[in-house]
Amino acid sequence: MQMGIFSNRVDKSKIKPGDHTYTYRAVFAYSHHVIFAGGHQVIHFTPEINSKTALSSSICCSCSSIPSSCLNIHTIPHYGIRLPGSGVVLSCLDCFLGNGSAYSFGYGVSSFSFLLKVRGGTCTTAKSDSSNMVLHRAMYLLLTGFGKFDVRRNNCEDFALYCKTGLLIVHIGAGMCHLNR
């Protein structure tokens with residue numbers, strides 16, 4: 001996918017399985033990151049909503065109503081499936097996007113390009129693994145979880161970065177971190 005200096009916006013029809021995509025929430029206050037699983041489905045990491053519930057298929061993760069694409073007979077109608085006690089969710093792309101746009105997270109960018117980015121959380125110099133490996137990790141974490149969600153220390157971007165690279169961000173002290181494989 002072509003990335004610009006100021007925008008990584010991508011048409012949702014161009015997203016491929018294994019891609020790390022994000023959208024902005026609350027008028028660009030923060031972004032939410034997912035791995036595209038294909039077939040209008042995304043896998044992402046969110047705070048748990050009710051750990052006592054078994055598989056839930058009645059909750060749309062990112063919007064208050066179910067988009068018509070979720071109800072299309074040709075798509076898989078899963079719009080919020082998660083295992084009990086897990087924050088990893090399988091939902092539809094349209095539920096994830098809501099009324100927002102899709103953006104492509106960049107991998108293997110040059111240090112120069114990385115430093116030019118105005119907003120953090122849009123790219124990394126780390127290289128992505130193959131789409132098959134990315135999807136394998138995402139599906140594995142859908143079944144096993146990704147720990148407890150923490151907006152600063154274990155969030156949706158950390159989840160997507162791990163799925164794409166196998167690198168796990170380990171936070172040490174105040175604001176410092178390093179990557180473990």
# chains A, B, ... in the order shown; residues from 1 in each chain; ligands from 1
$ residues_around --residues "stretch 97-108 of chain A" --least-positions-apart "4" --cutoff "8 Å" --atoms "only C-alpha atoms" --output "MDAnalysis selection string"
chainID A and resid 1 3 7:12 19:25 62:63 93 121:128
$ residues_around --residues "A:His44" --least-positions-apart "6" --cutoff "6 Å" --atoms "only C-alpha atoms" --output "list in words"
Val34, Val88 and Val89 of chain A
$ write_last_selection --atoms "N, CA, C and O atoms" --output "tab-separated table (two decimals), in the first residue's frame"
chain	number	residue	atom	x	y	z
A	34	VAL	N	-6.26	-2.78	14.27
A	34	VAL	CA	-6.75	-4.14	14.03
A	34	VAL	C	-5.84	-4.85	13.04
A	34	VAL	O	-5.06	-4.23	12.33
A	88	VAL	N	-9.45	-10.03	23.14
A	88	VAL	CA	-9.25	-10.19	21.70
A	88	VAL	C	-10.59	-10.53	21.07
A	88	VAL	O	-11.29	-11.43	21.52
A	89	VAL	N	-10.94	-9.78	20.02
A	89	VAL	CA	-12.28	-9.84	19.43
A	89	VAL	C	-12.19	-10.04	17.93
A	89	VAL	O	-11.33	-9.46	17.26
$ atom_distance --atom1 "atom CA of A:Gly38" --atom2 "atom CA of A:Cys92"
9.6 Å
$ residues_around --residues "A:Phe159" --least-positions-apart "6" --cutoff "10 Å" --atoms "only C-alpha atoms" --output "PyMOL selection string"
chain A and resi 33-35+43-46+88+137-138+141+146-147+149+166-169
$ decode --residues "stretch 15-29 of chain A" --atoms "N, CA, C and O atoms" --output "PDB file, in the first residue's frame"
ATOM      1  N   ILE A  15      -7.631  -3.279   1.402  1.00  0.00           N
ATOM      2  CA  ILE A  15      -7.007  -3.925   2.560  1.00  0.00           C
ATOM      3  C   ILE A  15      -6.931  -5.427   2.314  1.00  0.00           C
ATOM      4  O   ILE A  15      -7.896  -6.041   1.884  1.00  0.00           O
ATOM      5  N   LYS A  16      -5.760  -6.004   2.602  1.00  0.00           N
ATOM      6  CA  LYS A  16      -5.534  -7.434   2.375  1.00  0.00           C
ATOM      7  C   LYS A  16      -5.431  -8.172   3.710  1.00  0.00           C
ATOM      8  O   LYS A  16      -5.036  -7.591   4.719  1.00  0.00           O
ATOM      9  N   PRO A  17      -5.756  -9.487   3.711  1.00  0.00           N
ATOM     10  CA  PRO A  17      -5.599 -10.271   4.941  1.00  0.00           C
ATOM     11  C   PRO A  17      -4.182 -10.142   5.503  1.00  0.00           C
ATOM     12  O   PRO A  17      -3.198 -10.208   4.760  1.00  0.00           O
ATOM     13  N   GLY A  18      -4.105  -9.911   6.801  1.00  0.00           N
ATOM     14  CA  GLY A  18      -2.823  -9.743   7.475  1.00  0.00           C
ATOM     15  C   GLY A  18      -2.393  -8.291   7.591  1.00  0.00           C
ATOM     16  O   GLY A  18      -1.423  -7.990   8.274  1.00  0.00           O
ATOM     17  N   ASP A  19      -3.117  -7.364   6.956  1.00  0.00           N
ATOM     18  CA  ASP A  19      -2.764  -5.948   7.051  1.00  0.00           C
ATOM     19  C   ASP A  19      -3.111  -5.404   8.431  1.00  0.00           C
ATOM     20  O   ASP A  19      -4.116  -5.774   9.035  1.00  0.00           O
ATOM     21  N   HIS A  20      -2.274  -4.503   8.908  1.00  0.00           N
ATOM     22  CA  HIS A  20      -2.500  -3.763  10.154  1.00  0.00           C
ATOM     23  C   HIS A  20      -3.144  -2.442   9.748  1.00  0.00           C
ATOM     24  O   HIS A  20      -2.547  -1.637   9.050  1.00  0.00           O
ATOM     25  N   THR A  21      -4.374  -2.264  10.177  1.00  0.00           N
ATOM     26  CA  THR A  21      -5.157  -1.092   9.814  1.00  0.00           C
ATOM     27  C   THR A  21      -5.580  -0.380  11.090  1.00  0.00           C
ATOM     28  O   THR A  21      -5.710  -1.008  12.138  1.00  0.00           O
ATOM     29  N   TYR A  22      -5.783   0.903  10.990  1.00  0.00           N
ATOM     30  CA  TYR A  22      -6.286   1.651  12.142  1.00  0.00           C
ATOM     31  C   TYR A  22      -7.273   2.710  11.681  1.00  0.00           C
ATOM     32  O   TYR A  22      -7.361   3.031  10.501  1.00  0.00           O
ATOM     33  N   THR A  23      -8.054   3.211  12.626  1.00  0.00           N
ATOM     34  CA  THR A  23      -8.976   4.304  12.376  1.00  0.00           C
ATOM     35  C   THR A  23      -8.921   5.226  13.581  1.00  0.00           C
ATOM     36  O   THR A  23      -8.537   4.801  14.679  1.00  0.00           O
ATOM     37  N   TYR A  24      -9.247   6.463  13.352  1.00  0.00           N
ATOM     38  CA  TYR A  24      -9.235   7.428  14.447  1.00  0.00           C
ATOM     39  C   TYR A  24     -10.584   7.453  15.145  1.00  0.00           C
ATOM     40  O   TYR A  24     -11.624   7.251  14.534  1.00  0.00           O
ATOM     41  N   ARG A  25     -10.551   7.703  16.437  1.00  0.00           N
ATOM     42  CA  ARG A  25     -11.741   7.797  17.270  1.00  0.00           C
ATOM     43  C   ARG A  25     -11.756   9.173  17.937  1.00  0.00           C
ATOM     44  O   ARG A  25     -10.702   9.796  18.114  1.00  0.00           O
ATOM     45  N   ALA A  26     -12.922   9.581  18.381  1.00  0.00           N
ATOM     46  CA  ALA A  26     -13.094  10.812  19.175  1.00  0.00           C
ATOM     47  C   ALA A  26     -12.384  11.999  18.532  1.00  0.00           C
ATOM     48  O   ALA A  26     -11.540  12.653  19.143  1.00  0.00           O
ATOM     49  N   VAL A  27     -12.722  12.268  17.286  1.00  0.00           N
ATOM     50  CA  VAL A  27     -12.190  13.398  16.531  1.00  0.00           C
ATOM     51  C   VAL A  27     -10.652  13.422  16.578  1.00  0.00           C
ATOM     52  O   VAL A  27     -10.045  14.401  16.986  1.00  0.00           O
ATOM     53  N   PHE A  28     -10.050  12.337  16.179  1.00  0.00           N
ATOM     54  CA  PHE A  28      -8.604  12.190  16.075  1.00  0.00           C
ATOM     55  C   PHE A  28      -7.876  12.230  17.421  1.00  0.00           C
ATOM     56  O   PHE A  28      -6.676  12.424  17.470  1.00  0.00           O
ATOM     57  N   ALA A  29      -8.595  12.015  18.524  1.00  0.00           N
ATOM     58  CA  ALA A  29      -7.959  12.023  19.844  1.00  0.00           C
ATOM     59  C   ALA A  29      -7.086  10.784  20.045  1.00  0.00           C
ATOM     60  O   ALA A  29      -6.053  10.840  20.704  1.00  0.00           O
TER      61      ALA A  29
END
